[in-house]
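Visitor: Got my_file11.txt for you, compact mmCIF, C-alpha atoms:
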# COMPACT_ATOMS: atom_id res chain seq x y z
CA MET A 12 0.00 0.00 0.00
CA ASP A 13 1.43 3.38 -1.02
CA GLU A 14 2.14 5.89 1.68
CA GLN A 15 -0.19 8.86 1.70
CA SER A 16 1.32 12.00 0.17
CA PRO A 17 1.78 15.01 2.48
CA ILE A 18 -0.93 16.92 0.55
CA ALA A 19 -3.41 14.06 0.77
CA ALA A 20 -2.66 13.63 4.47
CA THR A 21 -3.25 17.35 5.09
CA LEU A 22 -6.54 17.31 3.16
CA ALA A 23 -7.68 14.24 5.07
CA GLN A 24 -7.38 16.18 8.34
CA VAL A 25 -9.36 19.22 7.17
CA GLY A 26 -12.75 17.73 8.10
CA SER A 27 -11.90 17.08 11.75
CA ARG A 28 -10.27 20.50 11.99
CA LEU A 29 -13.42 22.17 10.60
CA ARG A 30 -15.57 20.29 13.14
CA ARG A 31 -13.26 21.22 16.02
CA ILE A 32 -13.15 24.94 15.11
CA ARG A 33 -16.94 25.07 14.75
CA ALA A 34 -17.41 23.29 18.12
CA GLN A 35 -14.97 25.64 19.84
CA ARG A 36 -17.08 28.57 18.67
CA GLY A 37 -20.36 26.93 19.63
CA VAL A 38 -21.76 27.31 16.10
CA SER A 39 -24.32 24.82 14.78
CA LEU A 40 -24.22 23.43 11.24
CA SER A 41 -27.46 25.29 10.51
CA ALA A 42 -25.97 28.62 11.66
CA LEU A 43 -22.79 28.03 9.66
CA ALA A 44 -24.82 27.12 6.59
CA GLU A 45 -26.74 30.38 6.92
CA ALA A 46 -23.54 32.41 7.38
CA THR A 47 -21.68 30.84 4.46
CA GLY A 48 -24.43 30.03 1.97
CA ILE A 49 -23.15 26.44 1.89
CA SER A 50 -25.79 23.76 2.43
CA LYS A 51 -25.89 21.99 5.78
CA SER A 52 -25.43 18.62 4.06
CA THR A 53 -22.30 19.83 2.23
CA LEU A 54 -20.85 21.16 5.48
CA SER A 55 -21.63 17.86 7.20
CA ARG A 56 -19.92 15.90 4.41
CA LEU A 57 -16.89 18.21 4.59
CA GLU A 58 -16.54 17.61 8.32
CA SER A 59 -16.93 13.84 7.96
CA GLY A 60 -14.33 13.69 5.17
CA GLN A 61 -16.86 12.56 2.55
CA ARG A 62 -16.49 15.79 0.57
CA ARG A 63 -13.12 17.00 -0.71
CA PRO A 64 -12.34 20.53 0.54
CA SER A 65 -11.93 23.27 -2.06
CA LEU A 66 -11.16 26.98 -1.91
CA GLU A 67 -14.76 27.77 -2.88
CA LEU A 68 -15.94 25.97 0.26
CA LEU A 69 -13.12 26.83 2.67
CA LEU A 70 -12.94 30.59 2.03
CA PRO A 71 -16.53 31.33 3.18
CA ILE A 72 -16.02 29.08 6.24
CA ALA A 73 -12.78 30.88 7.13
CA GLN A 74 -14.58 34.23 6.81
CA ALA A 75 -17.49 33.05 8.92
CA HIS A 76 -15.17 31.84 11.70
CA GLN A 77 -12.87 34.85 11.19
CA VAL A 78 -9.76 32.67 11.03
CA PRO A 79 -6.95 32.52 8.46
CA LEU A 80 -7.40 29.93 5.74
CA ASP A 81 -4.18 28.16 6.77
CA GLU A 82 -5.71 27.47 10.19
CA LEU A 83 -8.47 25.49 8.49
CA VAL A 84 -6.13 23.40 6.38
CA GLY A 85 -3.32 23.10 8.90
CA ALA A 86 -0.65 24.59 6.67
CA PRO A 87 2.82 24.13 8.16
CA GLU A 88 4.27 27.18 9.86
CA VAL A 89 7.05 28.95 8.03
CA GLY A 90 10.20 28.70 10.09
CA ASP A 91 12.45 31.62 10.87
CA PRO A 92 14.55 31.99 7.69
CA ARG A 93 17.29 34.02 9.37
CA ILE A 94 20.70 32.43 9.70
CA ARG A 95 22.48 33.06 13.00
CA CYS A 96 25.94 33.93 11.73
CA LYS A 97 28.79 33.19 14.13
CA PRO A 98 32.06 34.58 12.73
CA ARG A 99 35.20 32.57 13.32
CA VAL A 100 38.82 33.19 12.50
CA HIS A 101 40.48 30.65 10.21
CA HIS A 102 44.14 31.12 9.27
CA GLY A 103 43.87 34.81 10.10
CA ARG A 104 40.77 35.32 7.95
CA THR A 105 37.35 36.10 9.46
CA VAL A 106 34.89 33.59 8.06
CA ILE A 107 31.10 34.05 8.43
CA PRO A 108 29.06 30.97 7.44
CA LEU A 109 25.93 31.76 5.39
CA SER A 110 24.55 28.23 5.14
CA THR A 111 23.45 25.93 7.92
CA GLN A 112 23.18 22.48 6.34
CA PRO A 113 26.22 20.22 6.68
CA GLY A 114 27.73 18.81 3.52
CA GLY A 115 26.87 19.78 -0.03
CA LEU A 116 27.26 23.32 -1.28
CA GLN A 117 28.51 25.72 1.40
CA ALA A 118 28.33 29.54 1.39
CA TRP A 119 30.27 32.00 3.51
CA LYS A 120 31.65 35.52 3.62
CA SER A 121 35.37 36.01 4.12
CA VAL A 122 37.07 39.15 5.41
CA ILE A 123 40.77 38.99 4.62
CA PRO A 124 43.09 41.50 6.36
CA ALA A 125 45.54 43.53 4.28
CA GLU A 126 48.59 41.76 5.72
CA HIS A 127 47.43 38.42 4.32
CA ASN A 128 48.70 39.27 0.86
CA ARG A 129 51.47 36.70 0.48
CA PRO A 130 50.45 33.96 -1.98
CA ASP A 131 50.45 30.40 -0.62
CA PRO A 132 48.64 28.26 -3.24
CA VAL A 133 46.88 25.07 -2.12
CA THR A 134 44.96 22.25 -3.80
CA HIS A 135 42.02 20.14 -2.62
CA GLU A 136 38.94 18.38 -3.99
CA GLY A 137 35.95 20.52 -4.95
CA HIS A 138 34.79 23.51 -6.91
CA GLU A 139 34.69 27.13 -5.74
CA TRP A 140 32.93 30.31 -6.79
CA LEU A 141 33.88 33.68 -5.30
CA TYR A 142 32.41 37.16 -5.62
CA VAL A 143 34.25 40.33 -4.58
CA LEU A 144 32.23 42.56 -2.24
CA SER A 145 34.89 45.17 -1.48
CA GLY A 146 38.57 45.80 -2.08
CA ARG A 147 40.86 44.49 -4.81
CA VAL A 148 41.36 40.74 -4.73
CA ARG A 149 44.36 38.98 -6.22
CA LEU A 150 43.53 35.46 -7.43
CA ILE A 151 46.31 33.09 -8.36
CA LEU A 152 45.02 30.02 -10.16
CA ALA A 153 47.60 27.69 -11.69
CA ASP A 154 49.43 29.92 -14.25
CA HIS A 155 46.91 32.78 -14.00
CA ASP A 156 47.52 35.88 -11.87
CA LEU A 157 44.31 37.95 -11.77
CA VAL A 158 43.16 41.11 -10.00
CA MET A 159 39.43 41.43 -9.36
CA GLY A 160 37.39 44.40 -8.15
CA PRO A 161 34.00 44.72 -6.43
CA GLY A 162 31.22 43.05 -8.42
CA GLU A 163 33.55 40.63 -10.22
CA ALA A 164 33.37 36.88 -9.75
CA ALA A 165 35.39 33.79 -10.62
CA GLU A 166 34.85 30.05 -10.45
CA PHE A 167 37.43 27.31 -10.54
CA ASP A 168 38.29 23.69 -9.85
CA THR A 169 40.05 23.63 -6.48
CA ARG A 170 42.25 20.74 -7.61
CA LEU A 171 44.26 23.45 -9.39
CA PRO A 172 46.80 25.33 -7.21
CA HIS A 173 44.97 28.45 -6.03
CA TRP A 174 45.18 31.35 -3.60
CA PHE A 175 43.31 34.63 -3.18
CA GLY A 176 43.84 37.64 -0.95
CA PRO A 177 44.28 41.42 -0.96
CA ALA A 178 45.92 42.91 -4.04
CA GLY A 179 46.63 46.21 -2.28
CA GLU A 180 47.05 47.58 1.21
CA SER A 181 43.41 47.29 2.27
CA PRO A 182 41.38 44.34 3.54
CA VAL A 183 38.99 42.61 1.15
CA GLU A 184 35.56 41.03 1.53
CA VAL A 185 34.41 38.16 -0.65
CA LEU A 186 31.47 35.76 -0.86
CA ASN A 187 32.40 32.12 -1.39
CA LEU A 188 30.45 29.09 -2.57
CA PHE A 189 32.20 25.76 -2.28
CA GLY A 190 31.12 22.22 -2.94
CA PRO A 191 31.77 19.01 -4.80
CA GLN A 192 30.07 20.65 -7.78
CA GLY A 193 29.68 24.38 -8.39
CA GLU A 194 27.55 26.55 -10.60
CA ARG A 195 29.52 27.56 -13.66
CA VAL A 196 28.34 31.15 -13.78
CA HIS A 197 31.10 33.70 -13.52
CA VAL A 198 32.75 36.86 -14.75
CA ARG A 199 36.49 36.66 -15.12
CA ALA A 200 38.74 39.58 -14.25
CA LYS A 201 41.34 40.66 -16.79
CA PRO A 202 44.69 38.91 -16.29
CA GLN A 203 47.32 41.07 -14.65
CA SER A 204 50.63 41.15 -16.41
CA ARG A 205 53.41 39.41 -14.52
CA ALA A 206 55.47 42.56 -15.04
CA GLU A 207 52.97 44.72 -13.15
CA PRO A 208 53.40 45.09 -9.39
CA SER A 209 50.74 43.23 -7.40
CA ALA A 210 50.36 45.85 -4.69
Written as structure tokens, how would this file's structure read?
Guide:
Amino acid sequence: MDEQSPIAATLAQVGSRLRRIRAQRGVSLSALAEATGISKSTLSRLESGQRRPSLELLLPIAQAHQVPLDELVGAPEVGDPRIRCKPRVHHGRTVIPLSTQPGGLQAWKSVIPAEHNRPDPVTHEGHEWLYVLSGRVRLILADHDLVMGPGEAAEFDTRLPHWFGPAGESPVEVLNLFGPQGERVHVRAKPQSRAEPSA
């Protein structure tokens, strides 16, 4: 036997919820029928689960009881969408996580102080996307040496030697997305000539 879908399960509970709300208000089926214009027999069948609830039936009932429609159907409450960010310092960089689920794609904001401008390329499994919020960011990726400004983004395979940090004497702020697979949407900065100074 197939398990009942969440929608079907919610609809199956509407009848008992309608009966309970009406009983709590001390309203008879006849009085509710008069207030809503819905026949007493239809209301009775709704409450017993013999009639499938519809918006045309539920809206007048919600108005008559002066309750929100979601109270009649038992819609799940929307949880608090805010993320409680707890900054931490990692290798001298302030990292603020922006995602709460473990594993998969991770998002965070990094604030990198000006003194962390000495390249130290690393490699590891994964894919990364970064977006410059403020400052000038130097990105070294394999043989590429790039300078990116606010509003520019880059994405790369982290198995390539890479490093990013301040390109000047000011701290930088970047948004990072990292995961086993990344979205390949990006804007590349113009390559900086090796002859040009990086600071």
Visitor: With distances taken over only C-alpha atoms, which residue among A:Ala73, A:Val38, A:Ile123, A:Leu116 lies nearest A:Val100?
Guide: A:Ile123
Visitor: For a test of reading the model, state the distance in Å between atom CA of A:Ala19 and atom CA of A:Leu70, rounded to one decimal.
Guide: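 Rounded to one decimal, the two atoms are 19.1 Å apart.
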Visitor: What gap, in Å, lies between atom CA of A:Glu45 and atom CA of A:Gly85?
Guide: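 One can read the atom CA of A:Glu45 to atom CA of A:Gly85 distance as 24.6 Å.
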Visitor: Any idea what the distance is between atom CA of A:Ser181 and atom CA of A:Leu109?
Guide: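 So the two atoms, atom CA of A:Ser181 and atom CA of A:Leu109, lie 23.6 Å apart.
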Visitor: So which one's closest to A:Glu136, A:Thr169, A:Thr53, A:Thr21, A:Gln61? Using only C-alpha atoms, please.
Guide: A:Thr169
Visitor: Can you pull out every residue within 9 Å of A:Val185, counting only C-alpha atoms, but drop anything in the same chain fewer than 4 positions away, and send it as a PyMOL selection string?
Guide: chain A and resi 119-123+141-146+148+161
Visitor: So, counting only C-alpha atoms, which residue among A:Leu83, A:Leu22, A:Leu152, A:Ala44 is closest to A:Arg62?
Guide: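 Of A:Leu83, A:Leu22, A:Leu152, A:Ala44, the one nearest A:Arg62, counting only C-alpha atoms, is A:Leu22.
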Visitor: So which one's closest to A:His101, A:Arg129, A:Pro124, A:Ser27, A:Ala153? Using only C-alpha atoms, please.
Guide: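 So, comparing all the options, the nearest one is A:Pro124.
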Visitor: Counting only C-alpha atoms, which of A:Gly48, A:Glu82, A:Leu43, A:Leu69 gets nearest to A:Arg28?
Guide: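 Closest residue, counting only C-alpha atoms: A:Glu82.
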Visitor: With distances taken over all atoms listed in the file, which of A:Leu188, A:Phe175, A:Ala42, A:Gly60 is nearest to A:Ala20?
Guide: A:Gly60
Visitor: Got a sec: who's within 12 Å of A:Ala118, counting only C-alpha atoms, leaving out chain neighbours fewer than 5 positions off, as a PyMOL selection string?
Guide: chain A and resi 94+96+106-113+139-142+185-190+193
Visitor: Extract, using all atoms listed in the file, all DNA, RNA and protein residues at most 10 Å from A:Asp154, discarding same-chain residues fewer than 4 positions from it, and format them as a list of chain:residue names.
Guide: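 Here the answer would be A:Leu171, A:Pro172, A:His173.
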Visitor: Report as a PyMOL selection string all protein, DNA and RNA residues lying within 8 Å of A:Arg147, evaluated on only C-alpha atoms, omitting residues in the same chain fewer than 3 positions from it.
Guide: chain A and resi 143+158-161+177-179+183
Visitor: Considering all atoms listed in the file, return as a tab-separated table (two decimals) with C-alpha atoms, keeping the file's coordinate frame whatever protein or nucleic-acid residues lie within 7 Å of A:Ala75, sequence-local ones (same chain, fewer than 4 positions apart) excluded.
Guide:
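Okay, this is what ended up in part08.tsv:
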chain	number	residue	atom	x	y	z
A	46	ALA	CA	-23.54	32.41	7.38
A	47	THR	CA	-21.68	30.84	4.46
A	71	PRO	CA	-16.53	31.33	3.18
Visitor: Reconstruct N, CA and C atoms of stretch 119-143 of chain A from the incomplete input and present them as a CSV table (one decimal), in the frame of the given file.
Guide:
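Full text of result_15.csv as output:
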chain,number,residue,atom,x,y,z
A,119,TRP,N,29.8,31.2,2.4
A,119,TRP,CA,30.3,32.0,3.5
A,119,TRP,C,30.9,33.3,3.0
A,120,LYS,N,31.0,34.2,3.9
A,120,LYS,CA,31.6,35.5,3.6
A,120,LYS,C,33.0,35.5,4.3
A,121,SER,N,34.0,35.9,3.6
A,121,SER,CA,35.4,36.0,4.1
A,121,SER,C,35.8,37.5,4.1
A,122,VAL,N,36.4,37.8,5.3
A,122,VAL,CA,37.1,39.2,5.4
A,122,VAL,C,38.6,38.9,5.6
A,123,ILE,N,39.3,39.3,4.6
A,123,ILE,CA,40.8,39.0,4.6
A,123,ILE,C,41.6,40.3,4.9
A,124,PRO,N,42.3,40.3,6.0
A,124,PRO,CA,43.1,41.5,6.4
A,124,PRO,C,44.2,41.8,5.3
A,125,ALA,N,44.6,43.1,5.3
A,125,ALA,CA,45.5,43.5,4.3
A,125,ALA,C,46.9,42.8,4.4
A,126,GLU,N,47.3,42.4,5.6
A,126,GLU,CA,48.6,41.8,5.7
A,126,GLU,C,48.6,40.3,5.2
A,127,HIS,N,47.5,39.8,4.9
A,127,HIS,CA,47.4,38.4,4.3
A,127,HIS,C,47.5,38.5,2.8
A,128,ASN,N,48.6,39.1,2.3
A,128,ASN,CA,48.7,39.3,0.9
A,128,ASN,C,49.8,38.5,0.2
A,129,ARG,N,50.4,37.5,1.0
A,129,ARG,CA,51.5,36.7,0.5
A,129,ARG,C,50.9,35.4,-0.1
A,130,PRO,N,51.0,35.2,-1.4
A,130,PRO,CA,50.4,34.0,-2.0
A,130,PRO,C,51.0,32.7,-1.4
A,131,ASP,N,50.1,31.7,-1.1
A,131,ASP,CA,50.4,30.4,-0.6
A,131,ASP,C,49.5,29.4,-1.2
A,132,PRO,N,49.6,29.1,-2.5
A,132,PRO,CA,48.6,28.3,-3.2
A,132,PRO,C,48.5,26.9,-2.6
A,133,VAL,N,47.2,26.4,-2.6
A,133,VAL,CA,46.9,25.1,-2.1
A,133,VAL,C,46.0,24.3,-3.2
A,134,THR,N,45.9,23.0,-3.0
A,134,THR,CA,45.0,22.2,-3.8
A,134,THR,C,44.1,21.4,-2.9
A,135,HIS,N,42.9,21.1,-3.3
A,135,HIS,CA,42.0,20.1,-2.6
A,135,HIS,C,40.8,19.8,-3.5
A,136,GLU,N,40.1,18.8,-3.2
A,136,GLU,CA,38.9,18.4,-4.0
A,136,GLU,C,37.8,19.4,-3.9
A,137,GLY,N,37.1,19.6,-5.0
A,137,GLY,CA,36.0,20.5,-5.0
A,137,GLY,C,35.9,21.6,-6.1
A,138,HIS,N,35.0,22.4,-5.9
A,138,HIS,CA,34.8,23.5,-6.9
A,138,HIS,C,34.4,24.8,-6.1
A,139,GLU,N,35.0,25.9,-6.5
A,139,GLU,CA,34.7,27.1,-5.7
A,139,GLU,C,34.3,28.3,-6.7
A,140,TRP,N,33.4,29.1,-6.1
A,140,TRP,CA,32.9,30.3,-6.8
A,140,TRP,C,33.1,31.4,-5.8
A,141,LEU,N,33.7,32.5,-6.2
A,141,LEU,CA,33.9,33.7,-5.3
A,141,LEU,C,33.5,35.0,-6.0
A,142,TYR,N,32.9,35.9,-5.2
A,142,TYR,CA,32.4,37.2,-5.6
A,142,TYR,C,33.0,38.2,-4.7
A,143,VAL,N,33.6,39.3,-5.3
A,143,VAL,CA,34.2,40.3,-4.6
A,143,VAL,C,33.2,41.4,-4.1
